[in-house]
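Participant: Supplied in structure tokens, the structure appears directly below.
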Amino acid sequence: MRPPGGGRAHARAASGPGKKRLRHTLNASEYNNLFVEISTAKGHTWHKMARNITTESVKMRFFAEAFSRPLIDNTLRGLWCEFMIAEALGPECASTGFSWYPWDLQIGDGRTTFPERIRIQVKNSASLQSWNQANGQKTDPLFSLTWRKKPYYFERDDPGIPCETEGFLCDLFILCHHPVTDIGTADQRDPGQWDFYLLPVHGPNSAVTQAELQWAQQKLRETGRNSSTQRRPSTLRSGIRGRQPCEPVGISDLTIDRIRATFGTR
């Protein structure tokens, strides 16, 4: 857009009580990227005159602001964990969460079933949160493995994709735990600071006991509501209530072969 005045533009702030008068003379190039700040008694208002907004500029702005700090806001941390895992597993691992699948990641052809296809739900928890870093308060990590019904829209939106009527709606949970409690060294963007617990939910190495499974099925049947069994890093490592101990792996050991071995198959 060509500015008025033969390639030059004037930006003014109206004068009056409590207002400051500004005047800028701009050439056409400056005009295209101009933001004029008008200071008033009520605060600051930004008036956009003209600017070239592109896909790349929005992407850069989003990533620069969303992931510029070592402690990731928990509304975004789940996505970060999903893509950490996807990157570790390589091109065979697809992200499915954006398609509103009940699972977040998938290995293999979506039209097949386990073991050709492995569906993964990703959960995350961190000892430090972005909102309590000033007071140093720590969060006690807790993960929920939820038994639920298949979403009503799944058959409509994804015909031909196998999915059970009810269940955990995945083959494997990967529980991501960021255990660092030192605010000076914690960086949740660093894949090397995370622990990953691999919990298969069926087969001979299932991390869910038969008693937990029966309880979840009964609760859903009687109440129609989702039911969850919970895990903490401390009890995962030690193993309680008939569960086998589970040691975490680091990002460098998170491979498709390792995942298949977790089920007892390769």
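Lettering and numbering for the structure tokens are positional, with chains as A, B, ... in the shown order, residues counted from 1 in each chain, and ligands counted from 1 in the shown order.
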So which bits of range 74-253 of chain A end up strand (DSSP E) when you DSSP the backbone, as an NGL selection string?
Facilitator: :A and (93-95 or 105-107 or 118-126 or 143-149 or 166-167 or 172-178 or 195-200 or 227-231)
Participant: I'd like a table as JSON lines: residues in range 148-186 of chain A with an atom no more than 12 Å from range 242-264 of chain A, each row giving the shortest atom pair and its distance in Å to one decimal, only C-alpha atoms counted, sorted by chain and rising residue number.
Facilitator:
{"residue": "A:Asp171", "atom": "CA", "partner": "A:Phe263", "partner_atom": "CA", "distance": 9.3}
{"residue": "A:Leu172", "atom": "CA", "partner": "A:Ile259", "partner_atom": "CA", "distance": 8.6}
{"residue": "A:Phe173", "atom": "CA", "partner": "A:Ile259", "partner_atom": "CA", "distance": 10.5}
{"residue": "A:Ile174", "atom": "CA", "partner": "A:Ile259", "partner_atom": "CA", "distance": 9.7}
{"residue": "A:Leu175", "atom": "CA", "partner": "A:Pro248", "partner_atom": "CA", "distance": 9.0}
{"residue": "A:Cys176", "atom": "CA", "partner": "A:Pro248", "partner_atom": "CA", "distance": 9.0}
{"residue": "A:His177", "atom": "CA", "partner": "A:Pro248", "partner_atom": "CA", "distance": 9.1}
{"residue": "A:His178", "atom": "CA", "partner": "A:Gly250", "partner_atom": "CA", "distance": 11.1}
{"residue": "A:Pro179", "atom": "CA", "partner": "A:Pro248", "partner_atom": "CA", "distance": 11.6}
Participant: If we count only C-alpha atoms and set the cut-off at 12 Å, which residues sit around Thr75 in chain A, ignoring sequence neighbours fewer than 2 positions away in its own chain? Please answer as a ChimeraX atom specification.
Facilitator: /A:66-67,71-73,77-81,124-125,129-131
Participant: Mind writing the picked residues with N, CA and C atoms as a compact mmCIF listing (two decimals), in the first residue's frame?
Facilitator:
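Contents of the output file result.txt:
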# COMPACT_ATOMS: atom_id res chain seq x y z
N ALA A 66 6.84 -18.52 23.26
CA ALA A 66 6.33 -19.68 23.98
C ALA A 66 7.44 -20.50 24.62
N PHE A 67 8.60 -20.56 23.98
CA PHE A 67 9.67 -21.43 24.46
C PHE A 67 10.96 -20.66 24.73
N LEU A 71 11.46 -22.76 32.00
CA LEU A 71 10.29 -23.47 32.50
C LEU A 71 9.14 -23.24 31.53
N ILE A 72 8.67 -24.30 30.90
CA ILE A 72 7.63 -24.20 29.88
C ILE A 72 6.27 -24.18 30.56
N ASP A 73 5.40 -23.29 30.12
CA ASP A 73 4.04 -23.26 30.65
C ASP A 73 3.38 -24.61 30.42
N ARG A 77 3.69 -27.57 27.55
CA ARG A 77 4.72 -28.58 27.86
C ARG A 77 4.38 -29.95 27.29
N GLY A 78 3.07 -30.28 27.23
CA GLY A 78 2.67 -31.56 26.67
C GLY A 78 3.07 -31.69 25.21
N LEU A 79 2.86 -30.63 24.43
CA LEU A 79 3.27 -30.65 23.03
C LEU A 79 4.77 -30.81 22.90
N TRP A 80 5.51 -30.10 23.75
CA TRP A 80 6.97 -30.21 23.71
C TRP A 80 7.40 -31.66 23.95
N CYS A 81 6.78 -32.31 24.93
CA CYS A 81 7.13 -33.70 25.24
C CYS A 81 6.78 -34.63 24.09
N ASN A 124 2.90 -35.90 30.99
CA ASN A 124 4.09 -35.22 31.50
C ASN A 124 3.82 -34.59 32.85
N SER A 125 4.89 -34.46 33.63
CA SER A 125 4.83 -33.77 34.92
C SER A 125 6.21 -33.22 35.22
N GLN A 129 7.17 -25.48 38.24
CA GLN A 129 6.16 -24.92 37.35
C GLN A 129 6.48 -23.45 37.08
N SER A 130 6.05 -22.97 35.92
CA SER A 130 6.35 -21.59 35.55
C SER A 130 5.72 -20.59 36.50
N TRP A 131 4.59 -20.95 37.13
CA TRP A 131 3.89 -19.99 37.98
C TRP A 131 4.38 -19.97 39.42
